[in-house]
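Q: If it helps, the file is called entry_11.cif and holds mmCIF, C-alpha atoms:
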```
data_run
#
loop_
_atom_site.label_atom_id
_atom_site.label_comp_id
_atom_site.auth_asym_id
_atom_site.auth_seq_id
_atom_site.Cartn_x
_atom_site.Cartn_y
_atom_site.Cartn_z
CA MET T 1292 219.62 194.93 -27.30
CA ALA T 1293 216.95 197.20 -25.82
CA THR T 1294 213.99 198.17 -28.00
CA LYS T 1295 214.95 201.84 -28.09
CA ASP T 1296 217.98 200.87 -30.15
CA MET T 1297 215.58 200.06 -32.96
CA PHE T 1298 215.24 203.83 -33.31
CA GLY T 1299 219.00 204.16 -33.29
CA GLU T 1300 219.25 206.29 -30.15
CA GLY T 1301 221.84 203.90 -28.75
CA GLU T 1302 222.46 202.97 -25.14
CA LEU T 1303 222.53 205.45 -22.27
CA TRP T 1304 226.02 206.31 -20.96
CA GLU T 1305 226.85 208.30 -17.83
CA VAL T 1306 229.60 210.86 -18.36
CA PHE T 1307 232.29 211.82 -15.81
CA ILE T 1308 234.63 214.74 -16.44
CA GLN T 1309 237.94 215.77 -14.91
CA LYS T 1310 238.52 219.52 -15.08
CA GLU T 1311 242.24 219.50 -14.32
CA THR T 1312 244.85 216.86 -13.62
CA GLY T 1313 244.79 215.82 -10.00
CA ALA T 1314 241.06 216.68 -9.63
CA PRO T 1315 238.48 213.89 -9.23
CA HIS T 1316 236.26 212.83 -12.13
CA GLU T 1317 232.81 214.24 -11.50
CA HIS T 1318 229.48 213.16 -12.91
CA ALA T 1319 228.42 215.64 -15.60
CA GLY T 1320 225.31 214.08 -17.17
CA SER T 1321 224.51 211.43 -19.71
CA ILE T 1322 224.47 210.87 -23.46
CA HIS T 1323 223.27 208.26 -25.92
CA ALA T 1324 225.64 206.33 -28.18
CA ALA T 1325 225.83 203.00 -29.98
CA ASP T 1326 229.29 202.05 -28.66
CA SER T 1327 232.05 203.25 -26.34
CA GLU T 1328 234.01 205.02 -29.05
CA LEU T 1329 230.99 207.07 -30.16
CA ALA T 1330 230.06 207.58 -26.51
CA LEU T 1331 233.43 209.28 -25.90
CA GLN T 1332 233.02 211.46 -28.99
CA ASN T 1333 229.45 212.45 -28.09
CA ALA T 1334 230.50 213.17 -24.50
CA ARG T 1335 233.28 215.41 -25.80
CA ASP T 1336 230.88 217.30 -28.09
CA VAL T 1337 228.29 217.76 -25.37
CA PHE T 1338 230.41 218.32 -22.24
CA ALA T 1339 233.78 219.62 -23.45
CA ARG T 1340 233.19 222.36 -26.03
CA ARG T 1341 235.37 224.96 -24.29
CA GLY T 1342 238.62 223.28 -23.36
CA GLU T 1343 237.68 223.02 -19.69
CA VAL T 1344 238.04 219.21 -19.55
CA VAL T 1345 241.27 217.17 -19.49
CA SER T 1346 239.80 213.66 -19.16
CA LEU T 1347 236.47 211.92 -19.80
CA TRP T 1348 234.98 208.64 -18.59
CA VAL T 1349 231.87 207.10 -20.12
CA VAL T 1350 230.10 204.23 -18.35
CA PRO T 1351 227.04 202.32 -19.57
CA ALA T 1352 224.27 203.56 -17.26
CA ASN T 1353 223.04 200.02 -16.61
CA CYS T 1354 226.48 199.06 -15.19
CA ILE T 1355 226.09 201.45 -12.27
CA THR T 1356 224.68 200.14 -9.01
CA ALA T 1357 223.58 202.93 -6.68
CA SER T 1358 222.51 202.97 -3.04
CA SER T 1359 218.80 203.40 -2.59
CA PRO T 1360 217.53 206.60 -0.95
CA ASP T 1361 214.78 204.62 0.85
CA ASP T 1362 217.41 202.64 2.76
CA SER T 1363 219.88 205.47 3.14
CA GLY T 1364 219.13 205.72 6.91
CA PRO T 1365 219.86 202.10 7.87
CA PHE T 1366 222.48 201.75 5.13
CA PHE T 1367 224.66 204.59 6.37
CA ASP T 1368 223.90 204.55 10.09
CA PRO T 1369 226.69 202.14 11.09
CA ALA T 1370 228.92 205.21 10.65
CA ASP T 1371 226.71 207.50 12.74
CA ASP T 1372 227.77 206.33 16.21
CA LYS T 1373 231.50 206.06 15.60
CA ILE T 1374 232.65 209.45 16.75
CA TYR T 1375 235.96 207.82 17.74
CA ARG T 1376 236.78 207.87 14.00
CA HIS T 1377 237.11 211.66 14.20
CA PRO T 1378 240.20 213.36 15.69
CA GLN T 1379 238.00 215.57 17.92
CA PHE T 1380 237.15 212.48 20.00
CA TYR T 1381 240.62 212.39 21.53
CA HIS T 1382 241.75 214.63 24.37
CA VAL T 1383 245.16 216.18 24.08
CA PRO T 1384 246.75 218.52 26.66
CA LYS T 1385 246.27 222.15 25.56
CA ALA T 1386 249.96 223.00 25.55
CA VAL T 1387 250.74 220.34 22.95
CA LYS T 1388 251.15 221.72 19.41
CA GLY T 1389 251.13 220.06 15.99
CA MET T 1390 248.65 217.33 16.99
CA MET G 1104 201.50 201.57 -1.24
CA ASN G 1105 198.67 202.54 1.14
CA THR G 1106 197.42 206.06 1.66
CA SER G 1107 199.05 206.65 5.03
CA ASP G 1108 202.49 205.69 3.64
CA GLU G 1109 201.86 208.09 0.77
CA THR G 1110 200.90 210.87 3.18
CA THR G 1111 204.07 210.37 5.23
CA LEU G 1112 206.21 210.41 2.10
CA LEU G 1113 204.48 213.55 0.85
CA GLU G 1114 205.02 215.31 4.17
CA ARG G 1115 208.68 214.36 4.13
CA PHE G 1116 208.98 215.54 0.53
CA LYS G 1117 207.39 218.90 1.41
CA SER G 1118 209.67 219.42 4.39
CA ARG G 1119 212.74 218.60 2.30
CA ILE G 1120 211.60 221.17 -0.28
CA SER G 1121 211.02 223.86 2.33
CA ALA G 1122 214.43 223.12 3.89
CA GLY G 1123 215.94 223.91 0.48
CA GLU G 1124 217.14 220.34 -0.14
CA LYS G 1125 217.52 219.12 -3.73
CA ILE G 1126 215.45 216.18 -4.91
CA GLU G 1127 217.47 213.53 -6.75
CA PRO G 1128 216.25 210.99 -9.36
CA LYS G 1129 215.84 207.99 -7.05
CA ASP G 1130 214.11 209.96 -4.26
CA TRP G 1131 210.39 209.61 -3.73
CA MET G 1132 208.45 212.43 -5.37
CA PRO G 1133 204.74 213.07 -6.01
CA GLU G 1134 203.59 211.91 -9.46
CA ARG G 1135 202.48 215.48 -10.28
CA TYR G 1136 205.99 216.79 -9.50
CA ARG G 1137 207.50 214.20 -11.83
CA LYS G 1138 204.96 214.93 -14.60
CA GLN G 1139 205.32 218.70 -14.34
CA LEU G 1140 209.12 218.40 -14.48
CA ILE G 1141 209.04 216.11 -17.50
CA ARG G 1142 206.72 218.56 -19.27
CA MET G 1143 208.85 221.56 -18.37
CA ILE G 1144 212.28 220.06 -19.02
CA SER G 1145 211.27 218.48 -22.33
CA GLN G 1146 209.69 221.76 -23.52
CA HIS G 1147 212.91 223.49 -22.55
CA ALA G 1148 214.98 220.88 -24.44
CA HIS G 1149 212.77 221.12 -27.55
CA SER G 1150 213.12 224.92 -27.43
CA GLU G 1151 216.91 224.67 -27.49
CA VAL G 1152 216.79 222.34 -30.47
CA VAL G 1153 214.17 224.25 -32.49
CA GLY G 1154 215.95 227.46 -31.51
CA MET G 1155 218.85 226.44 -33.74
CA LEU G 1156 216.69 226.92 -36.85
CA PRO G 1157 216.08 230.69 -36.98
CA GLU G 1158 219.77 231.39 -36.35
CA GLY G 1159 221.14 228.55 -38.45
CA ASN G 1160 219.36 230.35 -41.29
CA TRP G 1161 222.06 233.06 -41.21
CA ILE G 1162 225.28 231.07 -40.70
CA THR G 1163 226.13 230.98 -44.40
CA ARG G 1164 225.32 234.67 -44.80
CA ALA G 1165 227.17 236.06 -41.78
CA PRO G 1166 228.87 239.34 -42.78
CA SER G 1167 232.39 238.34 -41.65
CA LEU G 1168 234.39 235.31 -40.60
CA ARG G 1169 234.39 236.56 -36.98
CA ARG G 1170 230.60 236.77 -36.98
CA LYS G 1171 230.35 233.39 -38.66
CA ILE G 1172 232.48 231.42 -36.16
CA SER G 1173 230.60 233.05 -33.26
CA LEU G 1174 227.20 232.18 -34.68
CA LEU G 1175 228.31 228.66 -35.51
CA ALA G 1176 229.58 228.16 -31.95
CA LYS G 1177 226.36 229.59 -30.52
CA VAL G 1178 224.16 227.28 -32.58
CA GLN G 1179 226.34 224.31 -31.54
CA ASP G 1180 225.86 225.35 -27.91
CA GLU G 1181 222.08 225.30 -28.37
CA ALA G 1182 222.32 221.69 -29.57
CA GLY G 1183 224.46 220.89 -26.52
CA HIS G 1184 221.96 222.58 -24.20
CA GLY G 1185 219.18 220.50 -25.71
CA MET G 1186 221.25 217.39 -24.88
CA TYR G 1187 221.88 218.48 -21.25
CA LEU G 1188 218.15 218.93 -20.84
CA TYR G 1189 217.05 215.67 -22.49
CA SER G 1190 219.57 214.00 -20.21
CA ALA G 1191 217.99 215.70 -17.15
CA ALA G 1192 214.49 214.66 -18.30
CA GLU G 1193 215.59 211.04 -18.73
CA THR G 1194 216.51 210.85 -15.03
CA LEU G 1195 212.74 211.05 -14.40
CA GLY G 1196 212.14 207.77 -16.18
CA VAL G 1197 211.26 208.85 -19.72
CA ASP G 1198 213.15 207.90 -22.81
CA ARG G 1199 214.66 210.60 -25.01
CA ARG G 1200 213.17 209.04 -28.13
CA GLU G 1201 209.71 209.27 -26.59
CA LEU G 1202 210.21 213.00 -26.01
CA ILE G 1203 211.53 213.58 -29.52
CA GLU G 1204 208.53 211.72 -30.97
CA GLN G 1205 206.26 214.05 -28.99
CA LEU G 1206 207.98 217.06 -30.53
CA LEU G 1207 207.82 215.64 -34.06
CA SER G 1208 204.13 214.75 -33.74
CA GLY G 1209 203.28 218.25 -32.51
CA GLN G 1210 202.08 216.92 -29.15
CA ALA G 1211 204.87 218.69 -27.22
CA LYS G 1212 205.39 222.43 -27.27
CA TYR G 1213 208.52 224.55 -27.59
CA SER G 1214 209.01 228.26 -26.93
CA HIS G 1215 206.68 230.31 -29.14
CA ILE G 1216 209.52 232.75 -29.91
CA PHE G 1217 211.12 230.41 -32.45
CA ASN G 1218 208.08 230.63 -34.69
CA TYR G 1219 209.05 234.15 -35.77
CA PRO G 1220 211.24 234.56 -38.86
CA THR G 1221 214.79 235.95 -39.01
CA LEU G 1222 214.44 238.40 -41.90
CA ASN G 1223 217.91 239.91 -41.96
CA TRP G 1224 221.28 240.00 -40.14
CA ALA G 1225 220.06 242.49 -37.52
CA ASP G 1226 217.67 239.80 -36.26
CA ILE G 1227 220.65 237.67 -35.24
CA GLY G 1228 221.95 240.48 -33.05
CA VAL G 1229 218.57 241.17 -31.50
CA ILE G 1230 217.90 237.47 -30.83
CA GLY G 1231 221.17 237.14 -28.92
CA TRP G 1232 220.40 240.28 -26.94
CA PHE G 1233 216.67 239.78 -26.24
CA VAL G 1234 215.91 236.07 -26.64
CA ASP G 1235 219.08 234.78 -24.99
CA GLY G 1236 218.87 237.62 -22.46
CA ALA G 1237 215.33 236.55 -21.50
CA ALA G 1238 216.40 232.90 -21.42
CA ILE G 1239 219.29 233.74 -19.06
CA VAL G 1240 216.91 235.48 -16.64
CA ASN G 1241 214.73 232.37 -16.61
CA GLN G 1242 217.59 229.85 -16.46
CA THR G 1243 219.41 231.68 -13.66
CA MET G 1244 216.32 231.01 -11.58
CA LEU G 1245 216.03 227.41 -12.78
CA ALA G 1246 219.67 226.77 -11.79
CA LYS G 1247 218.40 227.07 -8.21
CA CYS G 1248 215.34 224.85 -8.66
CA SER G 1249 214.52 221.94 -6.36
CA TYR G 1250 215.25 219.11 -8.82
CA GLY G 1251 218.99 218.31 -8.77
CA PRO G 1252 219.60 217.22 -12.38
CA TYR G 1253 217.56 220.14 -13.83
CA SER G 1254 219.32 222.60 -11.56
CA ARG G 1255 222.75 221.28 -12.63
CA ALA G 1256 221.83 221.36 -16.34
CA ASN G 1257 220.76 225.00 -16.03
CA LEU G 1258 223.93 225.91 -14.18
CA ARG G 1259 225.95 224.53 -17.06
CA ILE G 1260 223.73 226.33 -19.60
CA CYS G 1261 224.00 229.69 -17.80
CA LYS G 1262 227.79 229.51 -17.78
CA GLU G 1263 227.80 229.12 -21.55
CA GLU G 1264 224.98 231.43 -22.48
CA ASN G 1265 226.56 234.70 -21.42
CA PHE G 1266 228.61 234.67 -24.58
CA HIS G 1267 225.40 234.31 -26.60
CA LYS G 1268 223.97 237.49 -25.19
CA ARG G 1269 227.20 239.45 -25.57
CA GLN G 1270 227.74 238.38 -29.18
CA GLY G 1271 224.18 239.53 -29.94
CA TYR G 1272 224.60 242.85 -28.21
CA GLU G 1273 227.89 243.43 -30.01
CA ILE G 1274 226.09 243.04 -33.36
CA VAL G 1275 223.36 245.46 -32.22
CA ALA G 1276 225.85 248.03 -30.91
CA THR G 1277 227.90 247.85 -34.12
CA MET G 1278 224.87 248.35 -36.34
CA ALA G 1279 223.45 251.06 -34.07
CA ALA G 1280 226.70 253.01 -34.54
CA GLY G 1281 226.74 252.40 -38.31
CA THR G 1282 225.16 254.04 -41.34
CA THR G 1283 221.57 255.35 -41.34
CA GLU G 1284 220.48 252.22 -43.17
CA GLN G 1285 222.14 249.95 -40.59
CA ARG G 1286 220.58 251.90 -37.72
CA GLU G 1287 217.15 251.60 -39.31
CA MET G 1288 217.66 247.91 -39.88
CA VAL G 1289 218.56 247.17 -36.27
CA GLN G 1290 215.75 249.41 -34.96
CA ASP G 1291 213.30 247.51 -37.17
CA ALA G 1292 214.50 244.17 -35.76
CA VAL G 1293 214.14 245.53 -32.20
CA ASN G 1294 210.58 246.65 -33.01
CA ARG G 1295 209.67 243.17 -34.26
CA TRP G 1296 211.32 241.15 -31.43
CA TRP G 1297 210.61 243.24 -28.34
CA TRP G 1298 207.04 242.19 -27.60
CA PRO G 1299 207.43 238.49 -28.49
CA SER G 1300 210.51 238.46 -26.18
CA LEU G 1301 208.41 239.77 -23.27
CA MET G 1302 205.92 236.96 -23.96
CA MET G 1303 208.67 234.36 -23.47
CA PHE G 1304 208.12 234.47 -19.69
CA GLY G 1305 204.62 233.12 -20.20
CA PRO G 1306 201.22 234.49 -19.31
CA SER G 1307 200.62 236.63 -16.27
CA ASP G 1308 200.58 234.52 -13.09
CA ASN G 1309 196.87 234.76 -12.45
CA GLU G 1310 196.35 233.32 -15.96
CA SER G 1311 199.03 230.65 -15.73
CA PRO G 1312 197.54 227.34 -14.58
CA ASN G 1313 200.86 225.77 -13.53
CA SER G 1314 202.51 228.68 -11.72
CA ALA G 1315 201.23 228.22 -8.15
CA GLU G 1316 202.12 224.53 -7.99
CA LEU G 1317 205.57 225.03 -9.51
CA LEU G 1318 206.33 227.84 -7.08
CA ARG G 1319 205.18 225.75 -4.11
CA TRP G 1320 207.54 222.95 -5.15
CA LYS G 1321 210.37 225.41 -5.84
CA VAL G 1322 210.63 224.24 -9.42
CA LYS G 1323 210.22 227.95 -10.03
CA LEU G 1324 211.39 230.51 -7.50
CA HIS G 1325 209.90 233.64 -9.06
CA SER G 1326 206.65 234.31 -10.87
CA ASN G 1327 206.44 234.93 -14.62
CA ASP G 1328 205.68 238.60 -14.01
CA GLU G 1329 208.64 239.05 -11.66
CA LEU G 1330 211.01 237.53 -14.24
CA ARG G 1331 209.55 239.67 -17.03
CA GLN G 1332 210.02 242.79 -14.92
CA ARG G 1333 213.62 241.81 -14.21
CA PHE G 1334 214.26 241.41 -17.95
CA VAL G 1335 212.72 244.81 -18.75
CA ASP G 1336 214.73 246.51 -15.98
CA LEU G 1337 217.94 244.98 -17.30
CA THR G 1338 217.25 245.70 -20.96
CA VAL G 1339 216.04 249.34 -20.96
CA PRO G 1340 219.44 250.81 -19.93
CA GLN G 1341 221.16 248.53 -22.45
CA ALA G 1342 218.92 249.96 -25.21
CA GLN G 1343 219.57 253.53 -24.06
CA ALA G 1344 223.33 252.93 -24.14
CA VAL G 1345 223.22 252.31 -27.90
CA ASN G 1346 220.42 254.81 -28.74
CA ILE G 1347 217.87 252.15 -29.55
CA THR G 1348 214.19 252.88 -28.89
CA LEU G 1349 212.06 250.10 -27.41
CA PRO G 1350 208.66 250.08 -29.16
CA ASP G 1351 206.49 250.92 -26.15
CA SER G 1352 205.12 254.44 -25.63
CA GLU G 1353 204.12 253.54 -22.06
CA LEU G 1354 207.65 252.66 -20.93
CA ARG G 1355 208.32 254.86 -17.85
CA TYR G 1356 210.67 254.62 -14.90
CA ASP G 1357 208.83 254.52 -11.59
CA LYS G 1358 211.08 256.10 -8.98
CA LYS G 1359 209.06 254.69 -6.12
CA THR G 1360 209.22 251.04 -7.14
CA GLN G 1361 212.54 251.47 -9.02
CA HIS G 1362 211.12 249.49 -11.91
CA TRP G 1363 210.32 250.27 -15.52
CA ASN G 1364 206.57 250.22 -16.15
CA PHE G 1365 205.61 248.88 -19.55
CA GLY G 1366 202.52 248.66 -21.75
CA LYS G 1367 200.01 245.86 -22.23
CA ILE G 1368 201.14 242.63 -23.86
CA ASN G 1369 199.02 241.28 -26.72
CA TRP G 1370 198.30 237.81 -25.31
CA GLU G 1371 195.99 237.03 -28.18
CA GLU G 1372 199.03 237.03 -30.48
CA PHE G 1373 200.91 234.77 -28.04
CA TRP G 1374 198.16 232.15 -27.84
CA ASN G 1375 197.71 232.26 -31.59
CA VAL G 1376 201.40 231.41 -32.11
CA VAL G 1377 201.33 228.73 -29.37
CA LYS G 1378 198.37 227.11 -31.11
CA GLY G 1379 200.40 226.72 -34.29
CA ASN G 1380 199.44 229.80 -36.30
CA GLY G 1381 202.66 231.82 -36.00
CA PRO G 1382 204.56 232.87 -39.13
CA CYS G 1383 206.95 229.84 -39.05
CA ASN G 1384 205.32 227.03 -37.01
CA ARG G 1385 204.86 224.74 -40.01
CA GLU G 1386 208.31 225.47 -41.41
CA ARG G 1387 209.98 224.68 -38.05
CA MET G 1388 208.16 221.37 -37.63
CA ALA G 1389 208.92 220.37 -41.23
CA ALA G 1390 212.63 221.17 -40.67
CA ARG G 1391 212.78 219.02 -37.49
CA GLN G 1392 211.01 216.13 -39.20
CA LYS G 1393 213.35 216.32 -42.15
CA ALA G 1394 216.42 216.40 -39.87
CA ASP G 1395 215.15 213.35 -37.98
CA ASN G 1396 214.44 211.42 -41.20
CA ASP G 1397 217.70 212.42 -42.86
CA GLY G 1398 219.72 211.38 -39.81
CA ALA G 1399 217.97 208.05 -39.25
CA TRP G 1400 220.38 206.04 -41.43
CA VAL G 1401 223.39 207.32 -39.50
CA ARG G 1402 221.91 206.23 -36.18
CA GLU G 1403 220.87 202.89 -37.64
CA ALA G 1404 224.33 202.32 -39.14
CA ALA G 1405 225.98 203.07 -35.78
CA VAL G 1406 223.79 200.51 -34.02
CA ALA G 1407 224.29 197.92 -36.79
CA TYR G 1408 228.06 198.38 -36.52
CA THR G 1409 227.98 197.81 -32.74
CA MET G 1410 225.90 194.65 -33.16
CA LYS G 1411 228.38 193.34 -35.71
CA GLN G 1412 231.35 194.10 -33.43
CA ARG G 1413 229.65 192.26 -30.58
CA MET G 1414 228.98 189.19 -32.73
CA ASN G 1415 232.60 189.06 -33.87
CA ARG G 1416 233.86 189.13 -30.30
#
```
Do you think you could lay out the structure here as structure tokens?
A:
Amino acid sequence: MATKDMFGEGELWEVFIQKETGAPHEHAGSIHAADSELALQNARDVFARRGEVVSLWVVPANCITASSPDDSGPFFDPADDKIYRHPQFYHVPKAVKGM
Amino acid sequence: MNTSDETTLLERFKSRISAGEKIEPKDWMPERYRKQLIRMISQHAHSEVVGMLPEGNWITRAPSLRRKISLLAKVQDEAGHGMYLYSAAETLGVDRRELIEQLLSGQAKYSHIFNYPTLNWADIGVIGWFVDGAAIVNQTMLAKCSYGPYSRANLRICKEENFHKRQGYEIVATMAAGTTEQREMVQDAVNRWWWPSLMMFGPSDNESPNSAELLRWKVKLHSNDELRQRFVDLTVPQAQAVNITLPDSELRYDKKTQHWNFGKINWEEFWNVVKGNGPCNRERMAARQKADNDGAWVREAAVAYTMKQRMNR
């Protein structure tokens, strides 16, 4: 285990909260905990003190792979020239409704 | 990385800042920006944590159950706010333990205000009103700062802190409408906390070494003096509403500027407290060190338990 655990801070966990059923889980921040059970409890104590959360996810921070901002241009540009993926690309006679 | 790459990156960074974009953890940022943010966010986090001590002092002696649950919830919030902020600082590549060690060794600072004692119950009211009030003025600005995680942490803090100020003001208003003794008690607390609260915004901008850089990078959006003025303008009418006198004979409303002018701040006192010579500096540090030592076995046990579970799997 990482050296910082020698001080007992535990691993870093990213916390995602859902504010109401049907809403997406959104990243809220992070916490430290030794295991997943404590991670959930710590996340509750830090991010859900006022009953505004209906569901929590905790994920070990080192399990997340993120896109890199340096490559964000080339990484996302395959989508840039595909205007035909948007409805506005297609011509429809003006009189037609409900399209 | 060669110098021309660095220059291009810096230019791009500056134009993103001036376009009002937020900087996120994995984005390129100047080393100074990163360092200044770590210093600021960790000081802010330490302040939340140390700030629990003066108020925690009165939880067991709160005058009613209603007052007690409010104060308990407020102090819990301060712990939570400390955690939001350590979490924001960690996105910049520091470890929380490292920051806590800096606090415990006295290398890192926290807000000077928490080195003043809470002598009686009126202090709890005045702290909520003044100290949390001043913090809200500052954090409302920081919620709009250029660094994404710090901005989001402050947004979350601001949402929760309004109750802190209101619970404080309720205590003040109740005592101010009470017996002569209660009125005198709350006026005395106001007299003691007013000037140190004004100092919370930091030295005047021409004396503050970090201000210009932080403003340029939109880590701060207003100067220390502007924030202090905003706090004074907000607080004077609140004091008048409950017949409390603020201890400043020079306090006058300027019709032209529509601001309240106030007297000179004793910066010598401020620097003296910052340097460790306030009434409670040693007591606060000793309390944090004790809490860290006393809690060590719990953290160690939690880690040992996880290791054991993993081995059994």
Q: Find the residues of chain G in contact range of chain T, meaning any atom within 8 Å when counting all atoms listed in the file, and list them as a ChimeraX atom specification.
A: /G:1129-1130,1183,1186-1187,1190-1191,1200,1399,1402-1403,1405-1406,1409
Q: Which residue out of G:Thr1221, G:Ser1307, G:Asn1364, G:Asn1313 has the minimum interatomic distance to Gln1332 of chain G when all atoms listed in the file are used?
A: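 Of G:Thr1221, G:Ser1307, G:Asn1364, G:Asn1313, the one nearest Gln1332 of chain G is G:Asn1364, counting all atoms listed in the file.
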Q: Translate the PyMOL selection byres ((chain G and resi 1297) around 10), as applied to the file shown, into an explicit residue set as an MDAnalysis selection string.
A: chainID G and resid 1229:1230 1233:1234 1292:1296 1298:1302 1335 1349:1351
Q: Counting only C-alpha atoms, what are the residues of segment 1150-1264 of chain G within 12 Å of segment 1283-1287 of chain G, and for each of them which pair of atoms is the nearest and at what distance in Å, to one decimal? Sort the table by chain and rising number, as a tab-separated table.
A:
```
residue	atom	partner	partner_atom	distance
G:Asn1223	CA	G:Gln1285	CA	11.0
G:Trp1224	CA	G:Gln1285	CA	10.0
G:Ala1225	CA	G:Gln1285	CA	8.3
G:Asp1226	CA	G:Gln1285	CA	11.9
```
Q: What do you get, as a list in words, if you spell out every residue that the PyMOL selection byres ((chain G and resi 1125) around 8) selects here?
A: Arg1119, Ile1120, Gly1123, Glu1124, Ile1126, Glu1127, Cys1248, Ser1249, Tyr1250 and Gly1251 of chain G
Q: Grab the atom CA of Phe1365 of chain G to atom CA of Asp1336 of chain G distance for me, in Å with one decimal place.
A: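 Interatomic distance, atom CA of Phe1365 of chain G to atom CA of Asp1336 of chain G: 10.1 Å.
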Q: What is the distance between atom CA of His1318 of chain T and atom CA of Lys1323 of chain G, in Å to one decimal?
A: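 Atom-to-atom, atom CA of His1318 of chain T and atom CA of Lys1323 of chain G are spaced 24.5 Å apart.
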Q: Hey, can you check how far atom CA of Ile1355 of chain T sits from atom CA of Gly1196 of chain G?
A: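 Atom-to-atom, atom CA of Ile1355 of chain T to atom CA of Gly1196 of chain G, that is 15.8 Å.
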Q: Kindly indicate which residue among G:Met1410, G:Val1178, G:Leu1113, G:Ala1211 lies nearest to Met1143 of chain G, using all atoms listed in the file for the distances.
A: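 Closest to Met1143 of chain G of all the choices is G:Ala1211.
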Q: Taking all atoms of segment 1301-1306 of chain T that the file lists and extending 4 Å past them on each side, where is the centre of the axis-aligned box and how long are its edges? Answer in Å to one decimal, as lines of an AutoDock Vina configuration file.
A:
```
center_x = 225.7
center_y = 206.9
center_z = -23.3
size_x = 15.8
size_y = 15.9
size_z = 18.9
```
Q: Could you give me, as number ranges by chain, the residues within 12 Å of Trp1232 of chain G, counting only C-alpha atoms and dropping anything in the same chain fewer than 2 positions from it?
A: G: 1225-1230, 1234-1240, 1264-1276, 1289, 1292-1293, 1296-1297, 1300, 1334, 1337-1339, 1341-1342
Q: Please write the residues picked by the PyMOL selection byres ((chain G and resi 1146) around 10) on this file as a ChimeraX atom specification.
A: /G:1140-1145,1147-1152,1185,1188-1189,1202,1206,1211-1214
Q: Since fewer atoms than expected are present, regenerate all heavy atoms for segment 1235-1239 of chain G and write them as a compact mmCIF listing (two decimals), in the frame of the given file.
A:
```txt
# COMPACT_ATOMS: atom_id res chain seq x y z
N ASP G 1235 218.15 235.43 -25.92
CA ASP G 1235 219.08 234.78 -24.99
C ASP G 1235 219.09 235.52 -23.65
O ASP G 1235 219.21 234.90 -22.60
CB ASP G 1235 220.48 234.70 -25.59
CG ASP G 1235 220.53 233.68 -26.72
OD1 ASP G 1235 220.20 234.04 -27.86
OD2 ASP G 1235 220.86 232.52 -26.45
N GLY G 1236 218.93 236.83 -23.70
CA GLY G 1236 218.87 237.62 -22.46
C GLY G 1236 217.69 237.17 -21.61
O GLY G 1236 217.83 236.96 -20.39
N ALA G 1237 216.53 237.00 -22.23
CA ALA G 1237 215.33 236.55 -21.50
C ALA G 1237 215.55 235.13 -20.98
O ALA G 1237 215.21 234.80 -19.84
CB ALA G 1237 214.11 236.61 -22.40
N ALA G 1238 216.16 234.29 -21.82
CA ALA G 1238 216.40 232.90 -21.42
C ALA G 1238 217.35 232.85 -20.22
O ALA G 1238 217.16 232.05 -19.30
CB ALA G 1238 216.98 232.10 -22.59
N ILE G 1239 218.35 233.73 -20.18
CA ILE G 1239 219.29 233.74 -19.06
C ILE G 1239 218.57 234.11 -17.75
O ILE G 1239 218.80 233.50 -16.72
CB ILE G 1239 220.48 234.71 -19.33
CG1 ILE G 1239 221.36 234.14 -20.44
CG2 ILE G 1239 221.31 234.93 -18.07
CD1 ILE G 1239 222.42 235.10 -20.97
```
